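Visitor: Hey, dropping structure29.cif in here, mmCIF, N, CA and C atoms:
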```cif
data_my_file
#
loop_
_atom_site.label_atom_id
_atom_site.label_comp_id
_atom_site.auth_asym_id
_atom_site.auth_seq_id
_atom_site.Cartn_x
_atom_site.Cartn_y
_atom_site.Cartn_z
N MET A 20 -6.94 7.11 -25.66
CA MET A 20 -7.07 7.63 -24.32
C MET A 20 -6.36 8.97 -24.24
N LYS A 21 -7.06 9.96 -23.73
CA LYS A 21 -6.48 11.30 -23.59
C LYS A 21 -6.03 11.50 -22.14
N PHE A 22 -4.79 11.89 -21.97
CA PHE A 22 -4.27 12.16 -20.64
C PHE A 22 -4.45 13.63 -20.31
N GLN A 23 -4.69 13.92 -19.04
CA GLN A 23 -4.86 15.30 -18.60
C GLN A 23 -3.55 16.07 -18.78
N GLN A 24 -3.65 17.24 -19.30
CA GLN A 24 -2.50 18.12 -19.40
C GLN A 24 -2.34 18.87 -18.09
N LYS A 25 -1.13 19.32 -17.78
CA LYS A 25 -0.87 20.00 -16.52
C LYS A 25 -1.81 21.18 -16.32
N HIS A 26 -2.00 21.99 -17.34
CA HIS A 26 -2.86 23.17 -17.18
C HIS A 26 -4.30 22.77 -16.86
N GLU A 27 -4.74 21.60 -17.33
CA GLU A 27 -6.08 21.13 -16.99
C GLU A 27 -6.14 20.69 -15.53
N LEU A 28 -5.06 20.10 -15.03
CA LEU A 28 -5.04 19.66 -13.64
C LEU A 28 -4.98 20.84 -12.67
N ASP A 29 -4.46 21.97 -13.12
CA ASP A 29 -4.40 23.15 -12.26
C ASP A 29 -5.79 23.57 -11.77
N GLU A 30 -6.80 23.27 -12.56
CA GLU A 30 -8.18 23.58 -12.15
C GLU A 30 -8.55 22.84 -10.87
N TYR A 31 -7.92 21.69 -10.65
CA TYR A 31 -8.23 20.85 -9.50
C TYR A 31 -7.37 21.19 -8.28
N LEU A 32 -6.68 22.31 -8.35
CA LEU A 32 -5.91 22.81 -7.21
C LEU A 32 -6.47 24.14 -6.70
N LYS A 33 -7.43 24.67 -7.41
CA LYS A 33 -7.97 26.00 -7.08
C LYS A 33 -8.92 25.97 -5.90
N GLU A 34 -9.03 27.14 -5.29
CA GLU A 34 -9.98 27.35 -4.20
C GLU A 34 -11.35 27.66 -4.79
N SER A 35 -12.38 27.31 -4.07
CA SER A 35 -13.75 27.67 -4.46
C SER A 35 -14.51 28.09 -3.20
N LYS A 36 -15.75 28.44 -3.38
CA LYS A 36 -16.57 28.91 -2.27
C LYS A 36 -16.61 27.89 -1.12
N TYR A 37 -16.75 26.63 -1.44
CA TYR A 37 -16.89 25.60 -0.41
C TYR A 37 -15.60 24.81 -0.17
N ILE A 38 -14.70 24.87 -1.09
CA ILE A 38 -13.40 24.19 -0.95
C ILE A 38 -12.38 25.29 -0.67
N ASP A 39 -12.41 25.78 0.56
CA ASP A 39 -11.60 26.95 0.94
C ASP A 39 -10.20 26.53 1.38
N VAL A 40 -9.40 26.29 0.36
CA VAL A 40 -8.05 25.75 0.49
C VAL A 40 -7.14 26.64 1.32
N THR A 41 -7.26 27.94 1.18
CA THR A 41 -6.32 28.86 1.85
C THR A 41 -6.78 29.30 3.24
N HIS A 42 -7.92 28.83 3.69
CA HIS A 42 -8.38 29.19 5.04
C HIS A 42 -7.36 28.66 6.06
N PRO A 43 -7.03 29.44 7.07
CA PRO A 43 -6.03 29.00 8.06
C PRO A 43 -6.31 27.62 8.68
N LYS A 44 -7.56 27.33 8.99
CA LYS A 44 -7.89 26.01 9.57
C LYS A 44 -7.58 24.89 8.58
N THR A 45 -7.95 25.11 7.33
CA THR A 45 -7.67 24.11 6.30
C THR A 45 -6.17 23.91 6.16
N GLN A 46 -5.42 25.00 6.15
CA GLN A 46 -3.97 24.92 6.01
C GLN A 46 -3.33 24.16 7.18
N ILE A 47 -3.78 24.45 8.39
CA ILE A 47 -3.23 23.78 9.58
C ILE A 47 -3.48 22.28 9.53
N ILE A 48 -4.69 21.88 9.20
CA ILE A 48 -5.02 20.45 9.17
C ILE A 48 -4.35 19.76 7.98
N ALA A 49 -4.21 20.46 6.86
CA ALA A 49 -3.49 19.89 5.71
C ALA A 49 -2.04 19.62 6.08
N THR A 50 -1.42 20.56 6.79
CA THR A 50 -0.04 20.38 7.25
C THR A 50 0.04 19.22 8.24
N TYR A 51 -0.93 19.12 9.11
CA TYR A 51 -0.99 18.02 10.07
C TYR A 51 -1.04 16.67 9.33
N CYS A 52 -1.84 16.58 8.28
CA CYS A 52 -1.93 15.34 7.49
C CYS A 52 -0.60 15.04 6.81
N LEU A 53 0.06 16.07 6.31
CA LEU A 53 1.37 15.89 5.69
C LEU A 53 2.37 15.35 6.71
N GLU A 54 2.37 15.90 7.91
CA GLU A 54 3.28 15.44 8.97
C GLU A 54 2.96 14.01 9.38
N ARG A 55 1.68 13.67 9.45
CA ARG A 55 1.29 12.29 9.76
C ARG A 55 1.80 11.33 8.68
N ALA A 56 1.74 11.76 7.44
CA ALA A 56 2.22 10.93 6.33
C ALA A 56 3.72 10.71 6.45
N LYS A 57 4.46 11.78 6.70
CA LYS A 57 5.91 11.66 6.85
C LYS A 57 6.26 10.72 8.00
N SER A 58 5.58 10.88 9.11
CA SER A 58 5.82 10.05 10.28
C SER A 58 5.52 8.58 10.00
N ALA A 59 4.40 8.31 9.36
CA ALA A 59 4.02 6.93 9.05
C ALA A 59 5.07 6.26 8.16
N MET A 60 5.57 7.01 7.20
CA MET A 60 6.57 6.45 6.29
C MET A 60 7.91 6.26 6.99
N GLU A 61 8.29 7.21 7.83
CA GLU A 61 9.58 7.12 8.53
C GLU A 61 9.62 5.97 9.53
N ARG A 62 8.52 5.74 10.21
CA ARG A 62 8.52 4.68 11.23
C ARG A 62 8.17 3.32 10.64
N GLY A 63 7.94 3.29 9.33
CA GLY A 63 7.68 2.02 8.66
C GLY A 63 6.32 1.44 8.99
N ASP A 64 5.32 2.30 9.18
CA ASP A 64 3.95 1.86 9.43
C ASP A 64 3.56 0.85 8.36
N LYS A 65 3.09 -0.32 8.78
CA LYS A 65 2.77 -1.40 7.84
C LYS A 65 1.68 -1.02 6.85
N ASP A 66 0.83 -0.05 7.19
CA ASP A 66 -0.24 0.37 6.30
C ASP A 66 0.15 1.55 5.41
N ALA A 67 1.31 2.15 5.68
CA ALA A 67 1.73 3.33 4.92
C ALA A 67 2.09 2.95 3.49
N TYR A 68 1.76 3.84 2.59
CA TYR A 68 2.16 3.67 1.19
C TYR A 68 3.60 4.09 1.05
N GLY A 69 4.32 3.48 0.13
CA GLY A 69 5.70 3.85 -0.14
C GLY A 69 5.82 5.17 -0.88
N ASP A 70 4.76 5.58 -1.55
CA ASP A 70 4.73 6.82 -2.30
C ASP A 70 4.20 7.93 -1.39
N ALA A 71 4.97 9.01 -1.27
CA ALA A 71 4.62 10.10 -0.34
C ALA A 71 3.26 10.72 -0.66
N GLU A 72 2.99 10.97 -1.93
CA GLU A 72 1.71 11.59 -2.30
C GLU A 72 0.54 10.68 -1.94
N ALA A 73 0.67 9.40 -2.20
CA ALA A 73 -0.38 8.44 -1.86
C ALA A 73 -0.59 8.39 -0.35
N GLU A 74 0.50 8.49 0.41
CA GLU A 74 0.36 8.45 1.86
C GLU A 74 -0.31 9.72 2.39
N VAL A 75 -0.02 10.85 1.79
CA VAL A 75 -0.71 12.08 2.18
C VAL A 75 -2.21 11.93 1.91
N CYS A 76 -2.55 11.37 0.77
CA CYS A 76 -3.96 11.12 0.45
C CYS A 76 -4.61 10.22 1.50
N ARG A 77 -3.91 9.17 1.87
CA ARG A 77 -4.43 8.25 2.88
C ARG A 77 -4.66 8.95 4.21
N GLN A 78 -3.70 9.77 4.61
CA GLN A 78 -3.83 10.46 5.89
C GLN A 78 -4.97 11.48 5.87
N CYS A 79 -5.14 12.17 4.77
CA CYS A 79 -6.26 13.11 4.65
C CYS A 79 -7.58 12.36 4.73
N TYR A 80 -7.66 11.25 4.00
CA TYR A 80 -8.87 10.43 4.01
C TYR A 80 -9.18 9.92 5.42
N LEU A 81 -8.16 9.39 6.10
CA LEU A 81 -8.37 8.85 7.44
C LEU A 81 -8.84 9.93 8.41
N LEU A 82 -8.28 11.12 8.29
CA LEU A 82 -8.69 12.20 9.18
C LEU A 82 -10.17 12.52 8.96
N VAL A 83 -10.57 12.68 7.71
CA VAL A 83 -11.97 13.01 7.43
C VAL A 83 -12.88 11.86 7.85
N ARG A 84 -12.48 10.65 7.57
CA ARG A 84 -13.30 9.49 7.94
C ARG A 84 -13.45 9.33 9.45
N ASP A 85 -12.33 9.47 10.17
CA ASP A 85 -12.31 9.13 11.59
C ASP A 85 -12.56 10.31 12.54
N GLU A 86 -12.24 11.51 12.12
CA GLU A 86 -12.34 12.66 13.02
C GLU A 86 -13.55 13.55 12.76
N ILE A 87 -14.16 13.41 11.61
CA ILE A 87 -15.32 14.23 11.26
C ILE A 87 -16.56 13.33 11.25
N LYS A 88 -17.47 13.62 12.12
CA LYS A 88 -18.68 12.79 12.24
C LYS A 88 -19.66 13.12 11.12
N HIS A 89 -20.41 12.12 10.70
CA HIS A 89 -21.47 12.34 9.72
C HIS A 89 -22.67 12.87 10.50
N SER A 90 -23.16 14.05 10.14
CA SER A 90 -24.22 14.72 10.90
C SER A 90 -25.44 13.83 11.11
N HIS A 91 -25.83 13.09 10.09
CA HIS A 91 -27.00 12.21 10.22
C HIS A 91 -26.74 11.11 11.26
N ASP A 92 -25.53 10.58 11.28
CA ASP A 92 -25.20 9.49 12.20
C ASP A 92 -25.26 9.92 13.66
N ILE A 93 -25.03 11.19 13.92
CA ILE A 93 -25.05 11.68 15.30
C ILE A 93 -26.34 12.47 15.60
N ASN A 94 -27.33 12.33 14.71
CA ASN A 94 -28.63 13.00 14.86
C ASN A 94 -28.50 14.50 15.05
N SER A 95 -27.62 15.10 14.28
CA SER A 95 -27.42 16.54 14.35
C SER A 95 -28.19 17.24 13.23
N ASP A 96 -28.70 18.40 13.56
CA ASP A 96 -29.39 19.22 12.56
C ASP A 96 -28.46 20.23 11.93
N LYS A 97 -27.20 20.23 12.37
CA LYS A 97 -26.23 21.19 11.86
C LYS A 97 -25.92 20.88 10.40
N VAL A 98 -25.88 21.93 9.59
CA VAL A 98 -25.56 21.77 8.17
C VAL A 98 -24.33 22.62 7.87
N THR A 99 -23.28 21.97 7.42
CA THR A 99 -22.05 22.67 7.05
C THR A 99 -21.82 22.46 5.56
N PHE A 100 -21.12 23.41 4.96
CA PHE A 100 -20.80 23.33 3.54
C PHE A 100 -19.30 23.50 3.30
N LYS A 101 -18.77 24.63 3.80
CA LYS A 101 -17.37 24.96 3.57
C LYS A 101 -16.45 24.03 4.35
N ALA A 102 -15.32 23.71 3.76
CA ALA A 102 -14.35 22.82 4.40
C ALA A 102 -13.97 23.33 5.79
N SER A 103 -13.71 24.63 5.89
CA SER A 103 -13.30 25.19 7.19
C SER A 103 -14.43 25.10 8.22
N ASP A 104 -15.68 25.22 7.78
CA ASP A 104 -16.82 25.08 8.70
C ASP A 104 -16.96 23.64 9.17
N VAL A 105 -16.68 22.70 8.29
CA VAL A 105 -16.71 21.28 8.67
C VAL A 105 -15.65 21.02 9.74
N LEU A 106 -14.48 21.61 9.56
CA LEU A 106 -13.42 21.45 10.56
C LEU A 106 -13.84 22.05 11.90
N SER A 107 -14.46 23.22 11.87
CA SER A 107 -14.90 23.87 13.11
C SER A 107 -15.95 23.05 13.83
N ALA A 108 -16.92 22.55 13.08
CA ALA A 108 -18.03 21.79 13.67
C ALA A 108 -17.67 20.34 13.96
N LYS A 109 -16.61 19.85 13.29
CA LYS A 109 -16.21 18.44 13.39
C LYS A 109 -17.33 17.50 12.97
N GLU A 110 -18.16 18.00 12.04
CA GLU A 110 -19.24 17.18 11.50
C GLU A 110 -19.68 17.74 10.16
N GLY A 111 -20.34 16.88 9.39
CA GLY A 111 -20.88 17.31 8.10
C GLY A 111 -21.55 16.15 7.43
N LEU A 112 -22.41 16.47 6.46
CA LEU A 112 -23.01 15.44 5.64
C LEU A 112 -22.00 14.99 4.59
N CYS A 113 -22.37 14.04 3.78
CA CYS A 113 -21.43 13.45 2.81
C CYS A 113 -20.74 14.50 1.95
N TYR A 114 -21.52 15.42 1.37
CA TYR A 114 -20.93 16.41 0.47
C TYR A 114 -19.99 17.35 1.22
N ALA A 115 -20.30 17.66 2.48
CA ALA A 115 -19.45 18.54 3.27
C ALA A 115 -18.12 17.85 3.59
N LYS A 116 -18.19 16.57 3.92
CA LYS A 116 -16.95 15.81 4.16
C LYS A 116 -16.13 15.71 2.89
N ALA A 117 -16.80 15.57 1.74
CA ALA A 117 -16.10 15.53 0.45
C ALA A 117 -15.42 16.87 0.17
N ASN A 118 -16.09 17.97 0.50
CA ASN A 118 -15.48 19.30 0.33
C ASN A 118 -14.23 19.42 1.17
N LEU A 119 -14.28 18.92 2.40
CA LEU A 119 -13.11 18.98 3.28
C LEU A 119 -11.98 18.12 2.73
N LEU A 120 -12.26 16.90 2.34
CA LEU A 120 -11.21 16.04 1.80
C LEU A 120 -10.56 16.68 0.58
N CYS A 121 -11.37 17.21 -0.30
CA CYS A 121 -10.86 17.86 -1.50
C CYS A 121 -9.98 19.05 -1.12
N ALA A 122 -10.40 19.85 -0.15
CA ALA A 122 -9.62 21.01 0.28
C ALA A 122 -8.28 20.59 0.87
N LEU A 123 -8.28 19.54 1.69
CA LEU A 123 -7.04 19.07 2.29
C LEU A 123 -6.06 18.57 1.24
N LEU A 124 -6.57 17.84 0.26
CA LEU A 124 -5.71 17.35 -0.81
C LEU A 124 -5.14 18.51 -1.62
N ARG A 125 -6.00 19.43 -2.01
CA ARG A 125 -5.55 20.59 -2.79
C ARG A 125 -4.54 21.42 -2.01
N ALA A 126 -4.76 21.58 -0.72
CA ALA A 126 -3.83 22.34 0.11
C ALA A 126 -2.46 21.68 0.16
N ASN A 127 -2.43 20.38 -0.06
CA ASN A 127 -1.16 19.65 -0.11
C ASN A 127 -0.63 19.51 -1.53
N GLY A 128 -1.22 20.25 -2.47
CA GLY A 128 -0.73 20.25 -3.84
C GLY A 128 -1.15 19.04 -4.66
N ILE A 129 -2.16 18.32 -4.19
CA ILE A 129 -2.64 17.13 -4.88
C ILE A 129 -3.95 17.48 -5.59
N PRO A 130 -3.97 17.44 -6.91
CA PRO A 130 -5.20 17.77 -7.64
C PRO A 130 -6.34 16.86 -7.21
N ALA A 131 -7.49 17.48 -6.92
CA ALA A 131 -8.65 16.70 -6.47
C ALA A 131 -9.92 17.36 -6.95
N GLY A 132 -10.89 16.54 -7.28
CA GLY A 132 -12.20 17.02 -7.70
C GLY A 132 -13.28 16.19 -7.05
N ILE A 133 -14.51 16.61 -7.24
CA ILE A 133 -15.64 15.93 -6.62
C ILE A 133 -16.66 15.60 -7.70
N GLY A 134 -17.20 14.40 -7.65
CA GLY A 134 -18.29 14.02 -8.53
C GLY A 134 -19.45 13.56 -7.66
N TYR A 135 -20.55 14.29 -7.68
CA TYR A 135 -21.69 13.96 -6.86
C TYR A 135 -22.61 13.00 -7.61
N GLN A 136 -23.31 12.14 -6.85
CA GLN A 136 -24.26 11.21 -7.47
C GLN A 136 -25.51 11.95 -7.83
#
```
Rewrite the structure of this file - the entire thing - as structure tokens.

Guide:
Amino acid sequence: MKFQQKHELDEYLKESKYIDVTHPKTQIIATYCLERAKSAMERGDKDAYGDAEAEVCRQCYLLVRDEIKHSHDINSDKVTFKASDVLSAKEGLCYAKANLLCALLRANGIPAGIGYQ
């Protein structure tokens, strides 16, 4: 079994056209997820992970799952691609929501990638 080397993981922290990690909206929401994670751990939330990084992942996931609507589910014709556009529209298709989740994780220093079906 080959383990990822640090320099290989750095690729999963980079910004791309659709995973716009450094966009101000992405940064603000990533910080919000980090603060939610800290709060959940401090107050002893029964669902919070004991590991800070895992809890940040959970909070990013919950935000994308609960706050960003799936465009098809709400009968919207809007098509978003970039993470920041998904945040602005508060909706996106599966790949757009994946771009947002990946951007939020990367903005919090957590290596993340996407594998499409």

Visitor: Specify as a compact mmCIF listing (two decimals) with N, CA and C atoms, in the frame of the given file each residue included when the PyMOL selection byres ((chain A and resi 110-120) around 7) is applied to this file.

Guide:
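File written: result-v6.txt
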```
# COMPACT_ATOMS: atom_id res chain seq x y z
N TYR A 37 -16.75 26.63 -1.44
CA TYR A 37 -16.89 25.60 -0.41
C TYR A 37 -15.60 24.81 -0.17
N ILE A 38 -14.70 24.87 -1.09
CA ILE A 38 -13.40 24.19 -0.95
C ILE A 38 -12.38 25.29 -0.67
N ASP A 39 -12.41 25.78 0.56
CA ASP A 39 -11.60 26.95 0.94
C ASP A 39 -10.20 26.53 1.38
N CYS A 79 -5.14 12.17 4.77
CA CYS A 79 -6.26 13.11 4.65
C CYS A 79 -7.58 12.36 4.73
N TYR A 80 -7.66 11.25 4.00
CA TYR A 80 -8.87 10.43 4.01
C TYR A 80 -9.18 9.92 5.42
N VAL A 83 -10.57 12.68 7.71
CA VAL A 83 -11.97 13.01 7.43
C VAL A 83 -12.88 11.86 7.85
N GLU A 86 -12.24 11.51 12.12
CA GLU A 86 -12.34 12.66 13.02
C GLU A 86 -13.55 13.55 12.76
N ILE A 87 -14.16 13.41 11.61
CA ILE A 87 -15.32 14.23 11.26
C ILE A 87 -16.56 13.33 11.25
N LYS A 88 -17.47 13.62 12.12
CA LYS A 88 -18.68 12.79 12.24
C LYS A 88 -19.66 13.12 11.12
N HIS A 89 -20.41 12.12 10.70
CA HIS A 89 -21.47 12.34 9.72
C HIS A 89 -22.67 12.87 10.50
N SER A 90 -23.16 14.05 10.14
CA SER A 90 -24.22 14.72 10.90
C SER A 90 -25.44 13.83 11.11
N HIS A 91 -25.83 13.09 10.09
CA HIS A 91 -27.00 12.21 10.22
C HIS A 91 -26.74 11.11 11.26
N LYS A 97 -27.20 20.23 12.37
CA LYS A 97 -26.23 21.19 11.86
C LYS A 97 -25.92 20.88 10.40
N VAL A 98 -25.88 21.93 9.59
CA VAL A 98 -25.56 21.77 8.17
C VAL A 98 -24.33 22.62 7.87
N THR A 99 -23.28 21.97 7.42
CA THR A 99 -22.05 22.67 7.05
C THR A 99 -21.82 22.46 5.56
N PHE A 100 -21.12 23.41 4.96
CA PHE A 100 -20.80 23.33 3.54
C PHE A 100 -19.30 23.50 3.30
N LYS A 101 -18.77 24.63 3.80
CA LYS A 101 -17.37 24.96 3.57
C LYS A 101 -16.45 24.03 4.35
N ALA A 102 -15.32 23.71 3.76
CA ALA A 102 -14.35 22.82 4.40
C ALA A 102 -13.97 23.33 5.79
N SER A 103 -13.71 24.63 5.89
CA SER A 103 -13.30 25.19 7.19
C SER A 103 -14.43 25.10 8.22
N ASP A 104 -15.68 25.22 7.78
CA ASP A 104 -16.82 25.08 8.70
C ASP A 104 -16.96 23.64 9.17
N VAL A 105 -16.68 22.70 8.29
CA VAL A 105 -16.71 21.28 8.67
C VAL A 105 -15.65 21.02 9.74
N LEU A 106 -14.48 21.61 9.56
CA LEU A 106 -13.42 21.45 10.56
C LEU A 106 -13.84 22.05 11.90
N SER A 107 -14.46 23.22 11.87
CA SER A 107 -14.90 23.87 13.11
C SER A 107 -15.95 23.05 13.83
N ALA A 108 -16.92 22.55 13.08
CA ALA A 108 -18.03 21.79 13.67
C ALA A 108 -17.67 20.34 13.96
N LYS A 109 -16.61 19.85 13.29
CA LYS A 109 -16.21 18.44 13.39
C LYS A 109 -17.33 17.50 12.97
N CYS A 121 -11.37 17.21 -0.30
CA CYS A 121 -10.86 17.86 -1.50
C CYS A 121 -9.98 19.05 -1.12
N ALA A 122 -10.40 19.85 -0.15
CA ALA A 122 -9.62 21.01 0.28
C ALA A 122 -8.28 20.59 0.87
N LEU A 123 -8.28 19.54 1.69
CA LEU A 123 -7.04 19.07 2.29
C LEU A 123 -6.06 18.57 1.24
N LEU A 124 -6.57 17.84 0.26
CA LEU A 124 -5.71 17.35 -0.81
C LEU A 124 -5.14 18.51 -1.62
N ARG A 125 -6.00 19.43 -2.01
CA ARG A 125 -5.55 20.59 -2.79
C ARG A 125 -4.54 21.42 -2.01
N ILE A 133 -14.51 16.61 -7.24
CA ILE A 133 -15.64 15.93 -6.62
C ILE A 133 -16.66 15.60 -7.70
```

Visitor: How far is it from atom C of Pro130 (chain A) to CA of Tyr31 (chain A), in Å with one decimal?

Guide: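 Straight-line distance from atom C of Pro130 (chain A) to CA of Tyr31 (chain A) works out to 5.0 Å.
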
Visitor: Would you mind listing what lies within 7 Å of Ala126 (chain A) as number ranges by chain, with only N, CA and C atoms counted and same-chain residues fewer than 3 positions away left out?

Guide: A: 32, 40-41, 45-46, 49-50, 121-123, 129

Visitor: Output as an MDAnalysis selection string all residues of chain A that backbone DSSP marks as strand (DSSP E).

Guide: chainID A and resid 88:89 110:111

Visitor: Considering only C-alpha atoms, state which residue in the set A:Ile48, A:Ile93, A:Ala56, A:Leu28 is at the smallest distance from Cys76 (chain A).

Guide: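 Looking at the shortest contact to Cys76 (chain A), the residue is A:Ala56.
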
Visitor: Go ahead and compute the interatomic distance for atom N of Cys52 (chain A) and atom N of Ser95 (chain A), in Å to one decimal.

Guide: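 These atoms are spaced 26.5 Å apart.
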
Visitor: Tell me, in Å to one decimal, how far CA of Ala131 (chain A) is from CA of Asp70 (chain A).

Guide: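 According to the coordinates, CA of Ala131 (chain A) and CA of Asp70 (chain A) are separated by 17.1 Å.
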
Visitor: Residues of region 37-119 of chain A in alpha helix (DSSP H) according to DSSP, as JSON, numbers by chain?

Guide: {"A": [43, 44, 45, 46, 47, 48, 49, 50, 51, 52, 53, 54, 55, 56, 57, 58, 59, 60, 61, 71, 72, 73, 74, 75, 76, 77, 78, 79, 80, 81, 82, 83, 84, 85, 86, 102, 103, 104, 105, 106, 107, 108, 113, 114, 115, 116, 117, 118, 119]}

Visitor: Taking N, CA and C atoms for each residue, export the selection above as a short mmCIF file (atom, residue, chain, number, x, y, z; two decimals), in the frame of the given file.

Guide:
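See selection-v1.cif below for the written result:
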```
data_model
loop_
_atom_site.label_atom_id
_atom_site.label_comp_id
_atom_site.auth_asym_id
_atom_site.auth_seq_id
_atom_site.Cartn_x
_atom_site.Cartn_y
_atom_site.Cartn_z
N PRO A 43 -7.03 29.44 7.07
CA PRO A 43 -6.03 29.00 8.06
C PRO A 43 -6.31 27.62 8.68
N LYS A 44 -7.56 27.33 8.99
CA LYS A 44 -7.89 26.01 9.57
C LYS A 44 -7.58 24.89 8.58
N THR A 45 -7.95 25.11 7.33
CA THR A 45 -7.67 24.11 6.30
C THR A 45 -6.17 23.91 6.16
N GLN A 46 -5.42 25.00 6.15
CA GLN A 46 -3.97 24.92 6.01
C GLN A 46 -3.33 24.16 7.18
N ILE A 47 -3.78 24.45 8.39
CA ILE A 47 -3.23 23.78 9.58
C ILE A 47 -3.48 22.28 9.53
N ILE A 48 -4.69 21.88 9.20
CA ILE A 48 -5.02 20.45 9.17
C ILE A 48 -4.35 19.76 7.98
N ALA A 49 -4.21 20.46 6.86
CA ALA A 49 -3.49 19.89 5.71
C ALA A 49 -2.04 19.62 6.08
N THR A 50 -1.42 20.56 6.79
CA THR A 50 -0.04 20.38 7.25
C THR A 50 0.04 19.22 8.24
N TYR A 51 -0.93 19.12 9.11
CA TYR A 51 -0.99 18.02 10.07
C TYR A 51 -1.04 16.67 9.33
N CYS A 52 -1.84 16.58 8.28
CA CYS A 52 -1.93 15.34 7.49
C CYS A 52 -0.60 15.04 6.81
N LEU A 53 0.06 16.07 6.31
CA LEU A 53 1.37 15.89 5.69
C LEU A 53 2.37 15.35 6.71
N GLU A 54 2.37 15.90 7.91
CA GLU A 54 3.28 15.44 8.97
C GLU A 54 2.96 14.01 9.38
N ARG A 55 1.68 13.67 9.45
CA ARG A 55 1.29 12.29 9.76
C ARG A 55 1.80 11.33 8.68
N ALA A 56 1.74 11.76 7.44
CA ALA A 56 2.22 10.93 6.33
C ALA A 56 3.72 10.71 6.45
N LYS A 57 4.46 11.78 6.70
CA LYS A 57 5.91 11.66 6.85
C LYS A 57 6.26 10.72 8.00
N SER A 58 5.58 10.88 9.11
CA SER A 58 5.82 10.05 10.28
C SER A 58 5.52 8.58 10.00
N ALA A 59 4.40 8.31 9.36
CA ALA A 59 4.02 6.93 9.05
C ALA A 59 5.07 6.26 8.16
N MET A 60 5.57 7.01 7.20
CA MET A 60 6.57 6.45 6.29
C MET A 60 7.91 6.26 6.99
N GLU A 61 8.29 7.21 7.83
CA GLU A 61 9.58 7.12 8.53
C GLU A 61 9.62 5.97 9.53
N ALA A 71 4.97 9.01 -1.27
CA ALA A 71 4.62 10.10 -0.34
C ALA A 71 3.26 10.72 -0.66
N GLU A 72 2.99 10.97 -1.93
CA GLU A 72 1.71 11.59 -2.30
C GLU A 72 0.54 10.68 -1.94
N ALA A 73 0.67 9.40 -2.20
CA ALA A 73 -0.38 8.44 -1.86
C ALA A 73 -0.59 8.39 -0.35
N GLU A 74 0.50 8.49 0.41
CA GLU A 74 0.36 8.45 1.86
C GLU A 74 -0.31 9.72 2.39
N VAL A 75 -0.02 10.85 1.79
CA VAL A 75 -0.71 12.08 2.18
C VAL A 75 -2.21 11.93 1.91
N CYS A 76 -2.55 11.37 0.77
CA CYS A 76 -3.96 11.12 0.45
C CYS A 76 -4.61 10.22 1.50
N ARG A 77 -3.91 9.17 1.87
CA ARG A 77 -4.43 8.25 2.88
C ARG A 77 -4.66 8.95 4.21
N GLN A 78 -3.70 9.77 4.61
CA GLN A 78 -3.83 10.46 5.89
C GLN A 78 -4.97 11.48 5.87
N CYS A 79 -5.14 12.17 4.77
CA CYS A 79 -6.26 13.11 4.65
C CYS A 79 -7.58 12.36 4.73
N TYR A 80 -7.66 11.25 4.00
CA TYR A 80 -8.87 10.43 4.01
C TYR A 80 -9.18 9.92 5.42
N LEU A 81 -8.16 9.39 6.10
CA LEU A 81 -8.37 8.85 7.44
C LEU A 81 -8.84 9.93 8.41
N LEU A 82 -8.28 11.12 8.29
CA LEU A 82 -8.69 12.20 9.18
C LEU A 82 -10.17 12.52 8.96
N VAL A 83 -10.57 12.68 7.71
CA VAL A 83 -11.97 13.01 7.43
C VAL A 83 -12.88 11.86 7.85
N ARG A 84 -12.48 10.65 7.57
CA ARG A 84 -13.30 9.49 7.94
C ARG A 84 -13.45 9.33 9.45
N ASP A 85 -12.33 9.47 10.17
CA ASP A 85 -12.31 9.13 11.59
C ASP A 85 -12.56 10.31 12.54
N GLU A 86 -12.24 11.51 12.12
CA GLU A 86 -12.34 12.66 13.02
C GLU A 86 -13.55 13.55 12.76
N ALA A 102 -15.32 23.71 3.76
CA ALA A 102 -14.35 22.82 4.40
C ALA A 102 -13.97 23.33 5.79
N SER A 103 -13.71 24.63 5.89
CA SER A 103 -13.30 25.19 7.19
C SER A 103 -14.43 25.10 8.22
N ASP A 104 -15.68 25.22 7.78
CA ASP A 104 -16.82 25.08 8.70
C ASP A 104 -16.96 23.64 9.17
N VAL A 105 -16.68 22.70 8.29
CA VAL A 105 -16.71 21.28 8.67
C VAL A 105 -15.65 21.02 9.74
N LEU A 106 -14.48 21.61 9.56
CA LEU A 106 -13.42 21.45 10.56
C LEU A 106 -13.84 22.05 11.90
N SER A 107 -14.46 23.22 11.87
CA SER A 107 -14.90 23.87 13.11
C SER A 107 -15.95 23.05 13.83
N ALA A 108 -16.92 22.55 13.08
CA ALA A 108 -18.03 21.79 13.67
C ALA A 108 -17.67 20.34 13.96
N CYS A 113 -22.37 14.04 3.78
CA CYS A 113 -21.43 13.45 2.81
C CYS A 113 -20.74 14.50 1.95
N TYR A 114 -21.52 15.42 1.37
CA TYR A 114 -20.93 16.41 0.47
C TYR A 114 -19.99 17.35 1.22
N ALA A 115 -20.30 17.66 2.48
CA ALA A 115 -19.45 18.54 3.27
C ALA A 115 -18.12 17.85 3.59
N LYS A 116 -18.19 16.57 3.92
CA LYS A 116 -16.95 15.81 4.16
C LYS A 116 -16.13 15.71 2.89
N ALA A 117 -16.80 15.57 1.74
CA ALA A 117 -16.10 15.53 0.45
C ALA A 117 -15.42 16.87 0.17
N ASN A 118 -16.09 17.97 0.50
CA ASN A 118 -15.48 19.30 0.33
C ASN A 118 -14.23 19.42 1.17
N LEU A 119 -14.28 18.92 2.40
CA LEU A 119 -13.11 18.98 3.28
C LEU A 119 -11.98 18.12 2.73
#
```

Visitor: Taking into account only C-alpha atoms, which residue in the set A:Asp85, A:Glu61, A:Glu30, A:Glu54 is nearest to Asn127 (chain A)?

Guide: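 Under the stated criterion, the closest residue is A:Glu54.
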